[in-house]
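Asks: Sharing my_file.csv (CSV, C-alpha atoms) below.
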```csv
chain,number,residue,atom,x,y,z
A,355,MET,CA,10.1,-11.4,0.3
A,356,SER,CA,8.9,-10.1,-3.0
A,357,VAL,CA,11.1,-8.4,-5.5
A,358,THR,CA,9.4,-5.1,-4.7
A,359,THR,CA,9.9,-5.5,-0.9
A,360,ASP,CA,13.6,-6.4,-1.5
A,361,ARG,CA,14.0,-3.4,-3.8
A,362,LEU,CA,12.3,-1.0,-1.4
A,363,ARG,CA,14.4,-2.2,1.5
A,364,GLY,CA,17.5,-1.8,-0.6
A,365,LEU,CA,16.6,1.7,-1.6
A,366,ILE,CA,16.0,2.6,2.1
A,367,GLU,CA,19.4,1.3,3.1
A,368,THR,CA,21.5,2.7,0.1
A,369,THR,CA,19.9,5.9,-1.1
A,370,GLU,CA,21.5,9.0,0.1
A,371,GLY,CA,19.3,12.1,0.0
A,372,GLU,CA,15.7,11.9,-1.3
A,373,LEU,CA,14.2,8.6,-2.1
A,374,PRO,CA,12.3,8.2,-5.5
A,375,PRO,CA,8.5,8.6,-5.3
A,376,LEU,CA,7.0,5.4,-3.8
A,377,THR,CA,4.2,5.3,-6.3
A,378,VAL,CA,6.8,5.0,-9.0
A,379,GLU,CA,8.7,2.2,-7.2
A,380,LEU,CA,5.5,0.2,-6.4
A,381,VAL,CA,4.8,-0.2,-10.1
A,382,ARG,CA,8.3,-0.3,-11.5
A,383,ASP,CA,8.3,-4.1,-12.1
A,384,LEU,CA,4.8,-4.2,-13.5
A,385,GLU,CA,4.4,-4.2,-17.2
A,386,ILE,CA,1.5,-1.8,-17.5
A,387,PRO,CA,0.5,0.6,-20.2
A,388,ASP,CA,0.5,4.4,-19.7
A,389,HIS,CA,-3.3,4.3,-19.2
A,390,MET,CA,-5.5,1.5,-17.9
A,391,ALA,CA,-9.2,1.0,-17.7
A,392,ILE,CA,-10.8,0.2,-14.3
A,393,ALA,CA,-11.3,-3.4,-15.2
A,394,GLU,CA,-7.6,-3.8,-16.0
A,395,VAL,CA,-6.6,-2.1,-12.7
A,396,ALA,CA,-9.0,-4.4,-10.9
A,397,GLU,CA,-7.4,-7.4,-12.4
A,398,LEU,CA,-3.9,-6.2,-11.8
A,399,THR,CA,-4.5,-5.3,-8.1
A,400,GLY,CA,-7.0,-7.9,-7.1
A,401,LEU,CA,-9.4,-5.2,-6.0
A,402,SER,CA,-13.0,-5.0,-7.3
A,403,ALA,CA,-14.0,-2.2,-9.6
A,404,HIS,CA,-16.5,-1.2,-6.9
A,405,THR,CA,-13.6,-0.8,-4.4
A,406,LEU,CA,-11.6,1.3,-7.0
A,407,ARG,CA,-14.6,3.6,-7.5
A,408,TYR,CA,-15.1,3.9,-3.8
A,409,TYR,CA,-11.5,4.9,-3.3
A,410,GLU,CA,-12.0,7.5,-6.0
A,411,ARG,CA,-15.3,8.7,-4.5
A,412,ILE,CA,-13.9,9.3,-1.1
A,413,GLY,CA,-10.8,11.1,-2.5
A,414,LEU,CA,-8.1,8.5,-1.9
A,415,VAL,CA,-7.1,8.4,-5.5
A,416,GLU,CA,-7.7,10.8,-8.4
A,417,VAL,CA,-8.3,9.2,-11.8
A,418,PRO,CA,-8.6,11.2,-15.0
A,419,ARG,CA,-11.2,10.4,-17.5
A,420,ASP,CA,-11.3,10.3,-21.3
A,421,ALA,CA,-13.6,12.3,-23.5
A,422,ALA,CA,-16.4,9.7,-23.0
A,423,GLY,CA,-16.1,9.9,-19.2
A,424,ARG,CA,-14.3,6.5,-18.7
A,425,ARG,CA,-11.6,6.3,-16.1
A,426,LEU,CA,-8.1,6.1,-17.3
A,427,TYR,CA,-5.6,5.1,-14.6
A,428,ASP,CA,-2.1,6.4,-15.2
A,429,ARG,CA,1.0,4.9,-13.6
A,430,GLU,CA,0.7,7.4,-10.7
A,431,ALA,CA,-2.9,6.4,-10.0
A,432,VAL,CA,-2.0,2.7,-10.1
A,433,GLY,CA,0.9,3.3,-7.8
A,434,ARG,CA,-1.4,5.1,-5.4
A,435,VAL,CA,-3.9,2.2,-5.5
A,436,VAL,CA,-1.1,-0.3,-4.7
A,437,PHE,CA,0.1,2.0,-1.8
A,438,ILE,CA,-3.4,2.2,-0.4
A,439,THR,CA,-3.8,-1.6,-0.8
A,440,ARG,CA,-0.6,-2.1,1.2
A,441,LEU,CA,-1.9,0.1,4.0
A,442,ARG,CA,-5.2,-1.7,4.0
A,443,ASP,CA,-3.3,-5.1,4.1
A,444,SER,CA,-1.6,-3.9,7.2
A,445,ASP,CA,-5.0,-3.0,8.8
A,446,MET,CA,-4.8,0.8,8.5
A,447,PRO,CA,-8.3,2.1,8.7
A,448,ILE,CA,-9.8,3.9,5.7
A,449,ALA,CA,-10.2,7.0,7.9
A,450,ALA,CA,-6.5,7.1,8.7
A,451,ILE,CA,-5.6,6.6,5.0
A,452,ALA,CA,-8.0,9.4,4.1
A,453,ARG,CA,-6.4,11.6,6.7
A,454,TYR,CA,-2.9,10.8,5.3
A,455,VAL,CA,-4.1,11.6,1.7
A,456,GLU,CA,-5.6,14.9,2.9
A,457,LEU,CA,-2.3,15.8,4.6
A,458,VAL,CA,-0.4,15.0,1.4
A,459,LYS,CA,-2.7,17.3,-0.6
A,460,GLN,CA,-2.1,20.1,1.9
A,461,GLY,CA,1.6,20.1,1.0
A,462,PRO,CA,5.0,19.8,2.7
A,463,SER,CA,4.1,21.6,5.8
A,464,THR,CA,2.1,18.5,6.9
A,465,GLU,CA,5.1,16.2,6.7
A,466,PRO,CA,5.6,16.0,10.5
A,467,GLU,CA,2.0,14.9,11.0
A,468,ARG,CA,2.3,12.4,8.2
A,469,LEU,CA,5.4,11.0,9.8
A,470,ALA,CA,3.7,10.7,13.1
A,471,LEU,CA,0.7,8.9,11.5
A,472,LEU,CA,2.9,6.4,9.7
A,473,GLU,CA,5.2,5.8,12.8
A,474,ALA,CA,2.1,5.1,14.9
A,475,HIS,CA,0.9,2.7,12.2
A,476,ARG,CA,4.3,1.0,12.0
A,477,ASP,CA,4.2,0.5,15.8
A,478,ASP,CA,0.8,-1.2,15.4
A,479,ILE,CA,2.2,-3.5,12.6
A,480,LEU,CA,5.2,-4.4,14.8
A,481,ASN,CA,2.9,-5.3,17.7
A,482,ARG,CA,0.8,-7.5,15.5
A,483,LEU,CA,3.9,-9.2,14.1
A,484,HIS,CA,5.0,-9.9,17.6
A,485,ASP,CA,1.6,-11.4,18.5
A,486,LEU,CA,1.6,-13.5,15.3
A,487,GLN,CA,5.1,-14.8,16.1
A,488,ALA,CA,3.9,-15.9,19.5
A,489,ALA,CA,0.9,-17.6,17.9
A,490,LEU,CA,3.1,-19.3,15.4
A,491,ALA,CA,5.4,-20.6,18.2
A,492,VAL,CA,2.3,-22.2,19.9
A,493,VAL,CA,1.2,-23.8,16.6
A,494,ASP,CA,4.7,-25.0,15.9
A,495,TYR,CA,4.9,-26.5,19.4
A,496,LYS,CA,1.7,-28.4,18.9
A,497,ILE,CA,2.7,-29.6,15.4
A,498,THR,CA,5.9,-31.0,16.9
A,499,THR,CA,4.0,-32.6,19.8
A,500,TYR,CA,2.1,-34.6,17.2
A,501,GLY,CA,5.2,-35.7,15.4
A,502,GLY,CA,5.2,-33.1,12.7
A,503,ALA,CA,8.0,-30.9,11.5
A,504,CYS,CA,8.0,-27.2,11.2
A,505,GLY,CA,10.1,-25.6,8.4
A,506,SER,CA,11.6,-22.2,8.9
```
Rewrite the structure of this file - the entire thing - as structure tokens.

Replies:
Amino acid sequence: MSVTTDRLRGLIETTEGELPPLTVELVRDLEIPDHMAIAEVAELTGLSAHTLRYYERIGLVEVPRDAAGRRLYDREAVGRVVFITRLRDSDMPIAAIARYVELVKQGPSTEPERLALLEAHRDDILNRLHDLQAALAVVDYKITTYGGACGS
């Protein structure tokens, strides 16, 4: 597990009351300046500048601009990009992410709907993990059949 994953799990298990904002926690260990250009964010996240502009265009992330019109990603925007990336890594469709972001913008009254959306996505992830574990067992079996060894 990564340091961020371990820290997030630790916060979930030990924090009483309200958790700190996720976008802050996702970038806590990153040494990033207060403002970053799109190329820097692309390099940091592994996303293309095209993808970052797309996320902005469809409203997933808001990025302020300088006087010359260049994007200046602050820590909050970078955290949002990392959050979106994690959702995409777990196969959440862009439409579902857009719905989630829209609900966030509507305010606290939408928290039950956000919770339901994320719980459904978590169930999907757990089902895929179960399927992957079954596939891994089959591959491990065949490797052992051929005299190989499978580490844990």

Asks: How many Å lie between CA of Gly461 (chain A) and CA of Ala431 (chain A), rounded to one decimal?

Replies: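 We find that CA of Gly461 (chain A) and CA of Ala431 (chain A) lie 18.1 Å from each other.
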
Asks: Find, counting only C-alpha atoms, the residue in A:Ala393, A:Ile497, A:Leu380, A:Leu426 that gets nearest to Thr439 (chain A).

Replies: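 Smallest distance to Thr439 (chain A) is found for A:Leu380.
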
Asks: Mind pulling up the distance from CA of Asp445 (chain A) to CA of Asp485 (chain A)?

Replies: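 Between these atoms lies a distance of 14.4 Å.
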
Asks: Mind giving me the straight-line distance from CA of Val455 (chain A) to CA of Arg468 (chain A) in Å, one decimal?

Replies: 9.2 Å

Asks: Between A:Thr358, A:Ala396, A:Ala491, A:Arg363, which is the closest to Gly505 (chain A) once you count only C-alpha atoms?

Replies: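 The closest residue to Gly505 (chain A) is A:Ala491.
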
Asks: Take the point (-6.2, 3.7, -4.1) in the file's coordinates, draw a sphere of radius 7 Å around it, and report as a list of chain:residue names every protein, DNA or RNA residue with an atom inside or on it, counting only C-alpha atoms.

Replies: A:Leu406, A:Tyr409, A:Leu414, A:Val415, A:Arg434, A:Val435, A:Val436, A:Phe437, A:Ile438, A:Thr439

Asks: Give me the region 374-458 of chain A side of the contact with region 470-481 of chain A, cut-off 8 Å, one line per residue showing its nearest atom pair and distance in Å at one decimal, counting all atoms listed in the file, sorted by chain and residue number, as a Markdown table.

Replies:
```
| residue | atom | partner | partner_atom | distance |
| --- | --- | --- | --- | --- |
| A:Ser444 | CA | A:Ile479 | CA | 6.6 |
| A:Met446 | CA | A:His475 | CA | 7.1 |
| A:Ala450 | CA | A:Leu471 | CA | 7.9 |
| A:Tyr454 | CA | A:Leu471 | CA | 7.4 |
```

Asks: Which residues are near region 493-495 of chain A? Cut-off 10 Å, only C-alpha atoms, ignore same chain within fewer than 6 positions. Put them as a PyMOL selection string.

Replies: chain A and resi 487+502-505

Asks: Which of these residues is nearest to Thr405 (chain A), using only C-alpha atoms: A:Thr464, A:Arg482, A:Ile448, A:Arg429?

Replies: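 Of the candidates, the smallest distance to Thr405 (chain A) is held by A:Ile448.
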
Asks: Using all atoms listed in the file, determine which residues lie at most 12 Å from Leu373 (chain A), disregarding the query and same-chain residues fewer than 5 positions distant; provide the list as a PyMOL selection string.

Replies: chain A and resi 362-368+378-379

Asks: Complete the atoms of region 450-482 of chain A to N, CA and C atoms and put them out as a CSV table (one decimal), in the frame of the given file.

Replies:
```csv
chain,number,residue,atom,x,y,z
A,450,ALA,N,-7.9,6.7,8.5
A,450,ALA,CA,-6.5,7.1,8.7
A,450,ALA,C,-5.9,7.3,7.3
A,451,ILE,N,-6.2,6.4,6.4
A,451,ILE,CA,-5.6,6.6,5.0
A,451,ILE,C,-6.1,7.9,4.4
A,452,ALA,N,-7.4,8.1,4.6
A,452,ALA,CA,-8.0,9.4,4.1
A,452,ALA,C,-7.3,10.6,4.7
A,453,ARG,N,-7.1,10.5,6.0
A,453,ARG,CA,-6.4,11.6,6.7
A,453,ARG,C,-5.0,11.8,6.1
A,454,TYR,N,-4.3,10.7,5.9
A,454,TYR,CA,-2.9,10.8,5.3
A,454,TYR,C,-3.0,11.4,3.9
A,455,VAL,N,-3.9,11.0,3.1
A,455,VAL,CA,-4.1,11.6,1.7
A,455,VAL,C,-4.4,13.1,1.8
A,456,GLU,N,-5.3,13.4,2.7
A,456,GLU,CA,-5.6,14.9,2.9
A,456,GLU,C,-4.4,15.7,3.3
A,457,LEU,N,-3.6,15.1,4.2
A,457,LEU,CA,-2.3,15.8,4.6
A,457,LEU,C,-1.4,15.9,3.4
A,458,VAL,N,-1.3,14.9,2.6
A,458,VAL,CA,-0.4,15.0,1.4
A,458,VAL,C,-0.9,16.1,0.5
A,459,LYS,N,-2.2,16.2,0.3
A,459,LYS,CA,-2.7,17.3,-0.6
A,459,LYS,C,-2.5,18.7,0.0
A,460,GLN,N,-2.3,18.8,1.3
A,460,GLN,CA,-2.1,20.1,1.9
A,460,GLN,C,-0.6,20.6,1.8
A,461,GLY,N,0.3,19.7,1.4
A,461,GLY,CA,1.6,20.1,1.0
A,461,GLY,C,2.7,19.7,2.1
A,462,PRO,N,3.9,20.2,1.8
A,462,PRO,CA,5.0,19.8,2.7
A,462,PRO,C,4.9,20.2,4.1
A,463,SER,N,4.2,21.2,4.4
A,463,SER,CA,4.1,21.6,5.8
A,463,SER,C,3.5,20.6,6.7
A,464,THR,N,2.8,19.6,6.1
A,464,THR,CA,2.1,18.5,6.9
A,464,THR,C,3.0,17.3,7.1
A,465,GLU,N,4.3,17.3,6.6
A,465,GLU,CA,5.1,16.2,6.7
A,465,GLU,C,5.3,15.7,8.1
A,466,PRO,N,5.5,16.5,9.2
A,466,PRO,CA,5.6,16.0,10.5
A,466,PRO,C,4.4,15.2,11.0
A,467,GLU,N,3.2,15.7,10.6
A,467,GLU,CA,2.0,14.9,11.0
A,467,GLU,C,1.9,13.6,10.2
A,468,ARG,N,2.2,13.6,8.9
A,468,ARG,CA,2.3,12.4,8.2
A,468,ARG,C,3.2,11.4,8.8
A,469,LEU,N,4.4,11.9,9.1
A,469,LEU,CA,5.4,11.0,9.8
A,469,LEU,C,4.9,10.4,11.0
A,470,ALA,N,4.2,11.2,11.9
A,470,ALA,CA,3.7,10.7,13.1
A,470,ALA,C,2.6,9.6,12.9
A,471,LEU,N,1.8,9.9,11.9
A,471,LEU,CA,0.7,8.9,11.5
A,471,LEU,C,1.3,7.6,11.1
A,472,LEU,N,2.3,7.6,10.2
A,472,LEU,CA,2.9,6.4,9.7
A,472,LEU,C,3.7,5.7,10.8
A,473,GLU,N,4.4,6.5,11.7
A,473,GLU,CA,5.2,5.8,12.8
A,473,GLU,C,4.2,5.1,13.7
A,474,ALA,N,3.1,5.7,14.0
A,474,ALA,CA,2.1,5.1,14.9
A,474,ALA,C,1.6,3.8,14.2
A,475,HIS,N,1.3,3.8,12.9
A,475,HIS,CA,0.9,2.7,12.2
A,475,HIS,C,2.0,1.6,12.2
A,476,ARG,N,3.2,2.0,12.0
A,476,ARG,CA,4.3,1.0,12.0
A,476,ARG,C,4.4,0.3,13.4
A,477,ASP,N,4.2,1.1,14.4
A,477,ASP,CA,4.2,0.5,15.8
A,477,ASP,C,3.1,-0.6,15.9
A,478,ASP,N,1.9,-0.2,15.4
A,478,ASP,CA,0.8,-1.2,15.4
A,478,ASP,C,1.2,-2.5,14.6
A,479,ILE,N,1.8,-2.3,13.4
A,479,ILE,CA,2.2,-3.5,12.6
A,479,ILE,C,3.2,-4.3,13.4
A,480,LEU,N,4.2,-3.7,14.0
A,480,LEU,CA,5.2,-4.4,14.8
A,480,LEU,C,4.6,-5.2,16.0
A,481,ASN,N,3.6,-4.6,16.6
A,481,ASN,CA,2.9,-5.3,17.7
A,481,ASN,C,2.2,-6.5,17.2
A,482,ARG,N,1.5,-6.3,16.1
A,482,ARG,CA,0.8,-7.5,15.5
A,482,ARG,C,1.7,-8.6,15.0
```
